[in-house]
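**Q** File query35.txt below, compact mmCIF, C-alpha atoms:
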```txt
# COMPACT_ATOMS: atom_id res chain seq x y z
CA LEU E 150 184.22 259.32 82.55
CA ASP E 151 187.53 257.57 82.82
CA VAL E 152 186.41 254.03 83.65
CA GLU E 153 189.88 252.94 84.65
CA ASN E 154 189.90 255.64 87.31
CA ARG E 155 186.34 254.77 88.37
CA PRO E 156 186.34 250.98 88.68
CA ASP E 157 183.58 251.17 91.29
CA GLY E 158 180.62 253.49 91.21
CA LEU E 159 176.93 254.35 91.31
CA GLY E 160 175.16 256.50 88.73
CA VAL E 161 174.78 256.98 84.99
CA LEU E 162 177.68 256.31 82.68
CA ASN E 163 177.53 257.30 78.98
CA PHE E 164 180.16 256.08 76.54
CA ASN E 165 181.17 257.78 73.32
CA THR E 166 180.31 254.50 71.57
CA GLY E 167 176.63 255.04 72.43
CA ASP E 168 176.51 252.49 75.26
CA LYS E 169 174.83 253.59 78.47
CA TYR E 170 175.06 252.19 81.98
CA GLU E 171 172.72 253.02 84.87
CA GLY E 172 173.23 251.54 88.32
CA TYR E 173 175.88 250.23 90.66
CA TRP E 174 179.08 248.55 89.52
CA SER E 175 182.43 247.32 90.69
CA LYS E 176 185.62 246.09 89.06
CA GLY E 177 185.02 248.26 86.01
CA LYS E 178 181.45 247.02 85.51
CA LYS E 179 182.50 243.38 85.50
CA ASN E 180 180.20 243.00 88.51
CA GLY E 181 177.13 245.09 89.07
CA LEU E 182 173.43 245.72 89.46
CA GLY E 183 171.42 247.92 87.13
CA LYS E 184 170.64 248.49 83.46
CA TYR E 185 173.12 248.40 80.63
CA THR E 186 172.11 249.49 77.11
CA TYR E 187 174.31 248.78 74.11
CA SER E 188 174.54 251.02 71.07
CA ASN E 189 172.95 248.30 68.89
CA GLY E 190 169.77 248.23 71.00
CA ASP E 191 170.57 245.26 73.24
CA TYR E 192 169.98 245.89 76.92
CA TYR E 193 170.49 244.05 80.16
CA GLU E 194 168.68 244.61 83.46
CA GLY E 195 169.70 242.74 86.57
CA ASP E 196 172.50 241.51 88.72
CA TRP E 197 175.68 240.09 87.21
CA VAL E 198 179.24 238.99 87.81
CA ASN E 199 182.18 238.04 85.62
CA ASP E 200 181.46 240.82 83.09
CA LYS E 201 177.85 239.73 82.55
CA GLN E 202 178.86 236.13 81.83
CA ASP E 203 176.95 234.97 84.90
CA GLY E 204 173.93 236.68 86.43
CA PHE E 205 170.27 237.01 87.17
CA GLY E 206 167.87 239.34 85.37
CA LYS E 207 166.48 240.24 81.99
CA PHE E 208 168.31 240.49 78.69
CA VAL E 209 166.75 241.77 75.44
CA ASN E 210 168.71 241.90 72.21
CA ALA E 211 168.09 243.90 69.07
CA ASN E 212 166.71 240.82 67.27
CA GLY E 213 163.79 240.58 69.70
CA ASP E 214 165.07 237.68 71.80
CA ILE E 215 164.15 238.02 75.49
CA TYR E 216 165.77 236.11 78.32
CA GLU E 217 164.53 236.28 81.92
CA GLY E 218 166.12 234.26 84.70
CA GLU E 219 169.40 233.01 86.08
CA PHE E 220 172.27 232.10 83.80
CA ALA E 221 175.92 231.18 83.61
CA ASN E 222 178.60 231.11 80.91
CA ASN E 223 176.95 233.96 78.96
CA ARG E 224 173.47 232.37 79.03
CA ALA E 225 174.73 229.00 77.75
CA TYR E 226 173.54 227.44 81.04
CA GLY E 227 170.64 228.62 83.11
CA GLU E 228 167.11 228.43 84.36
CA GLY E 229 164.29 230.78 83.50
CA LYS E 230 162.24 231.96 80.57
CA TYR E 231 163.49 232.56 77.04
CA THR E 232 161.46 234.03 74.16
CA ASN E 233 162.99 234.27 70.70
CA LEU E 234 162.08 236.43 67.73
CA PHE E 235 160.01 233.57 66.21
CA GLY E 236 157.65 233.57 69.19
CA ASP E 237 159.02 230.37 70.74
CA VAL E 238 158.84 230.43 74.56
CA TYR E 239 161.06 228.23 76.69
CA GLU E 240 160.59 227.84 80.43
CA GLY E 241 162.91 225.66 82.48
CA GLY E 242 166.49 224.66 83.12
CA TYR E 243 169.03 224.05 80.38
CA ALA E 244 172.67 223.38 79.62
CA GLU E 245 174.93 223.92 76.60
CA ASP E 246 172.81 226.77 75.19
CA LYS E 247 169.47 224.93 75.52
CA PHE E 248 170.84 221.81 73.79
CA HIS E 249 170.09 219.74 76.92
CA GLY E 250 167.44 220.55 79.46
CA GLN E 251 164.18 220.01 81.22
CA GLY E 252 161.15 222.24 81.08
CA ARG E 253 158.44 223.53 78.81
CA LEU E 254 158.74 224.84 75.27
CA ILE E 255 155.86 226.60 73.50
CA ALA E 256 156.73 226.98 69.84
CA GLY E 257 155.55 229.84 67.67
CA ASP E 258 153.36 227.44 65.68
CA GLY E 259 151.44 226.49 68.84
CA SER E 260 153.10 223.13 69.55
CA VAL E 261 154.02 222.46 73.19
CA TYR E 262 156.82 220.32 74.59
CA GLU E 263 157.10 219.34 78.26
CA GLY E 264 159.82 217.04 79.52
CA HIS E 265 163.50 216.20 79.64
CA TYR E 266 165.72 216.13 76.57
CA VAL E 267 169.28 215.83 75.32
CA ARG E 268 170.93 216.51 71.98
CA GLY E 269 168.61 219.39 71.12
CA LYS E 270 165.41 217.40 71.72
CA ARG E 271 166.67 214.57 69.47
CA GLN E 272 166.44 212.25 72.49
CA GLY E 273 164.32 212.50 75.60
CA TRP E 274 161.14 211.65 77.42
CA GLY E 275 158.05 213.67 78.15
CA LYS E 276 154.94 215.00 76.46
CA TYR E 277 154.66 216.70 73.06
CA VAL E 278 151.53 218.33 71.61
CA ASP E 279 151.87 219.45 68.00
CA ALA E 280 150.20 222.42 66.34
CA VAL E 281 147.08 220.48 65.29
CA GLY E 282 146.58 218.86 68.70
CA ALA E 283 148.24 215.43 68.29
CA VAL E 284 149.62 214.31 71.66
CA TYR E 285 152.73 212.19 72.14
CA GLU E 286 153.79 210.89 75.55
CA GLY E 287 156.80 208.67 76.10
CA GLU E 288 160.47 208.21 75.31
CA TRP E 289 162.06 208.83 71.93
CA PHE E 290 165.31 209.12 70.04
CA ASP E 291 166.38 210.44 66.64
CA GLY E 292 163.97 213.35 66.74
CA LYS E 293 160.84 211.34 67.70
CA LYS E 294 161.25 209.11 64.61
CA HIS E 295 161.72 206.15 66.94
CA GLY E 296 160.42 205.68 70.43
CA THR E 297 158.06 204.07 72.86
CA GLY E 298 154.99 205.63 74.35
CA LYS E 299 151.51 206.78 73.57
CA LEU E 300 150.37 208.68 70.51
CA ASP E 301 146.86 210.09 70.64
CA SER E 302 146.08 212.06 67.50
CA GLY E 303 142.36 212.33 68.01
CA VAL E 304 140.79 211.09 64.80
CA GLY E 305 143.16 209.20 62.53
CA PHE E 306 146.47 210.82 61.66
CA PHE E 307 145.76 214.26 63.09
CA LEU E 308 143.18 216.04 65.15
CA ASP E 309 140.66 217.97 63.04
CA ARG E 310 138.49 219.92 65.48
CA SER E 311 136.07 220.89 62.71
CA LEU E 312 134.83 217.29 62.29
CA ALA E 313 131.51 216.25 63.71
CA GLU E 314 131.46 213.79 66.60
CA GLU E 315 131.87 210.16 65.52
CA SER E 316 128.60 208.29 65.07
CA GLU E 317 127.20 205.29 63.21
CA ASP E 318 124.53 207.69 61.98
CA CYS E 319 126.95 209.14 59.42
CA LEU E 320 125.41 208.48 55.99
CA THR E 321 124.84 212.11 55.07
CA LEU E 322 126.07 214.41 52.34
CA ASN E 323 126.53 218.15 51.76
CA ILE E 324 125.41 220.05 48.67
CA CYS E 325 126.52 223.53 47.67
CA SER E 326 124.91 225.23 44.65
CA ASN E 327 124.70 228.88 43.63
CA ASP E 328 121.58 228.48 41.45
CA ILE E 329 119.00 225.72 42.02
CA GLU E 330 117.21 226.66 38.78
CA ALA E 331 120.30 226.01 36.62
CA SER E 332 121.71 222.81 35.16
CA ASN E 333 125.33 223.10 36.20
CA PRO E 334 128.01 220.40 36.14
CA VAL E 335 128.29 218.35 39.33
CA MET E 336 131.42 217.37 41.27
CA ILE E 337 131.25 214.69 43.98
CA TRP E 338 134.05 214.84 46.55
CA ILE E 339 134.96 211.68 48.49
CA HIS E 340 137.14 212.60 51.45
CA GLY E 341 140.40 210.81 52.23
CA GLY E 342 141.81 209.43 55.45
CA ALA E 343 143.02 205.89 54.61
CA LEU E 344 139.47 204.58 55.18
CA ILE E 345 139.80 205.05 58.95
CA SER E 346 139.46 208.81 59.51
CA GLY E 347 138.16 212.06 58.08
CA GLY E 348 134.75 213.39 57.16
CA SER E 349 132.96 215.64 54.69
CA SER E 350 132.42 218.31 57.36
CA SER E 351 136.16 219.04 57.65
CA ILE E 352 137.11 222.69 57.33
CA MET E 353 139.67 221.58 54.75
CA TYR E 354 136.90 220.86 52.26
CA GLU E 355 135.28 224.25 51.69
CA LEU E 356 132.58 223.82 49.02
CA LYS E 357 131.51 227.36 48.24
CA HIS E 358 134.56 228.44 46.22
CA LEU E 359 133.83 226.01 43.37
CA ALA E 360 130.08 226.56 43.68
CA MET E 361 130.60 230.29 43.09
CA ARG E 362 132.12 229.33 39.73
CA GLY E 363 129.05 227.45 38.53
CA VAL E 364 129.71 223.95 39.84
CA VAL E 365 127.35 222.01 42.11
CA VAL E 366 129.66 220.51 44.72
CA VAL E 367 128.64 217.46 46.75
CA SER E 368 130.73 215.98 49.57
CA ILE E 369 129.72 212.63 51.03
CA ASN E 370 130.29 210.57 54.14
CA TYR E 371 130.73 206.81 54.35
CA ARG E 372 131.36 204.28 57.08
CA LEU E 373 135.00 204.08 58.20
CA GLY E 374 137.24 201.60 59.96
CA PRO E 375 135.64 198.33 61.16
CA LEU E 376 132.11 199.60 60.46
CA GLY E 377 132.93 200.10 56.80
CA PHE E 378 135.76 197.71 55.98
CA LEU E 379 135.82 194.73 58.35
CA ARG E 380 134.71 191.43 56.82
CA LEU E 381 132.79 189.31 59.35
CA ASP E 382 131.00 186.81 57.12
CA ASP E 383 133.65 184.12 57.48
CA VAL E 384 134.48 184.42 61.18
CA THR E 385 130.78 184.39 62.17
CA ASN E 386 129.75 181.63 59.73
CA GLY E 387 127.43 184.08 58.02
CA LEU E 388 125.65 185.24 61.18
CA ILE E 389 126.85 188.79 60.51
CA ASN E 390 126.36 189.71 56.88
CA SER E 391 129.42 191.91 56.44
CA SER E 392 131.47 191.76 53.26
CA GLY E 393 134.13 194.29 54.29
CA ASN E 394 133.08 196.63 51.49
CA GLU E 395 130.26 198.47 53.25
CA GLY E 396 132.17 201.77 53.06
CA LEU E 397 132.49 201.46 49.28
CA LEU E 398 128.80 200.53 49.00
CA ASP E 399 127.99 203.71 50.93
CA GLN E 400 129.95 205.71 48.35
CA ARG E 401 128.15 203.96 45.50
CA ASN E 402 124.73 204.61 47.02
CA ALA E 403 125.59 208.26 47.60
CA ILE E 404 126.55 208.65 43.93
CA LYS E 405 123.31 206.93 42.92
CA TRP E 406 121.32 209.32 45.14
CA VAL E 407 123.04 212.32 43.57
CA LYS E 408 122.26 211.03 40.09
CA GLU E 409 118.56 210.73 40.97
CA ASN E 410 118.13 213.99 42.92
CA ILE E 411 120.71 216.58 41.92
CA LEU E 412 118.42 218.21 39.35
CA SER E 413 116.48 219.68 42.28
CA PHE E 414 119.64 221.49 43.40
CA GLY E 415 120.57 223.01 40.02
CA GLY E 416 122.82 220.16 38.89
CA ASP E 417 122.99 218.25 35.60
CA PRO E 418 122.49 214.51 36.36
CA ASN E 419 124.24 213.68 33.06
CA ASN E 420 127.37 215.70 33.89
CA ILE E 421 128.73 214.27 37.13
CA THR E 422 132.41 214.00 38.01
```
Take the structure I supplied and represent it as structure tokens, if you would.

**A**
Amino acid sequence: LDVENRPDGLGVLNFNTGDKYEGYWSKGKKNGLGKYTYSNGDYYEGDWVNDKQDGFGKFVNANGDIYEGEFANNRAYGEGKYTNLFGDVYEGGYAEDKFHGQGRLIAGDGSVYEGHYVRGKRQGWGKYVDAVGAVYEGEWFDGKKHGTGKLDSGVGFFLDRSLAEESEDCLTLNICSNDIEASNPVMIWIHGGALISGGSSSIMYELKHLAMRGVVVVSINYRLGPLGFLRLDDVTNGLINSSGNEGLLDQRNAIKWVKENILSFGGDPNNIT
């Protein structure tokens, strides 16, 4: 069809470039309502004005980005839902191509942001939950490197949902052996966590892979934080016999127990690392 001679219309319009338009239009499709498919796979469904610079509807491009909502200035400003090819989902109002805004962002890695931000989330206030479950609430600047608010990371530096519930009854250990009749070398693993967090039950410390290779693997627990490393002898005039090294004594006693008992689990008590 000769578009110049049909500036207004209703129907299906196919272009020799491969573009296709279905719907109602005016001013040579600068304003309209319907579906427009580009030759590269992009398509737009909805209501628009100013040659699709402003409008309301759904836009899907060939890269897999999906925009649903109301927008202006070619989607640089708007309010709605935006999903990109990485799986990030943004819901809310924004300006300057999502550089400033307020709403909810669910990232492809599972982290969630809710709040108000400027400078591409470099500054703002709200709530942020990262991929491992750490929760930040407050005001920040310079990309959350500086700020005021509340940080609740569960246990220690990050939330490890595989850890057992905190308890003073924690002096236990785990043993993994593939042959209790053997006399295999023994490896004792002492978990990290800056002496305030962690545990031998963490999913990060899988024991069976080394055990399948002929090593008896032992992971131990010890008292953490104030229970394991707070000295109270001086401040209580000796009423509480606490040296501040109880956590290290727990480790020592666990190693001693392994030395005395590991033979029953297929380990060599004279070959312990």

**Q** Measuring between only C-alpha atoms, which one of E:Trp274, E:Tyr354, E:Tyr216, E:Tyr185 shows the shortest distance to Lys201 (chain E)?

**A** E:Tyr185

**Q** As an exercise, work out the distance from CA of Pro334 (chain E) to CA of Asn394 (chain E) in Å and give it to one decimal place.

**A** 28.7 Å

**Q** May I have the residues within 9 Å of Phe205 (chain E) as a list in words, using only C-alpha atoms and disregarding those fewer than 6 positions away in the same chain?

**A**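 Residues meeting the cut-off are Glu194, Gly195, Asp196, Trp197, Glu217, Gly218, Glu219, Phe220 and Ala221 of chain E.
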
**Q** So what do you get for CA of Tyr170 (chain E) versus CA of Leu182 (chain E), distance-wise?

**A**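 Those two atoms sit 10.0 Å apart.
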
**Q** Give the answer as one residue: which of E:Asn420, E:Thr321, E:Asn390, E:Ser175 has the shortest atom-to-atom distance to Asp200 (chain E), using only C-alpha atoms?

**A**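 Answer, going by the shortest atom-to-atom distance: E:Ser175.
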
**Q** Would you please work out which residue, of E:Tyr231, E:Phe248, E:Tyr226, E:Trp174, is nearest to Gly213 (chain E) when using all atoms listed in the file?

**A**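 Smallest distance to Gly213 (chain E) is found for E:Tyr231.
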
**Q** Would you mind listing what lies within 12 Å of Arg362 (chain E) as a PyMOL selection string, with only C-alpha atoms counted and same-chain residues fewer than 5 positions away left out?

**A** chain E and resi 325-328+333-335+356-357

**Q** Go ahead and compute the interatomic distance for CA of Met353 (chain E) and CA of Glu330 (chain E), in Å to one decimal.

**A** 28.0 Å
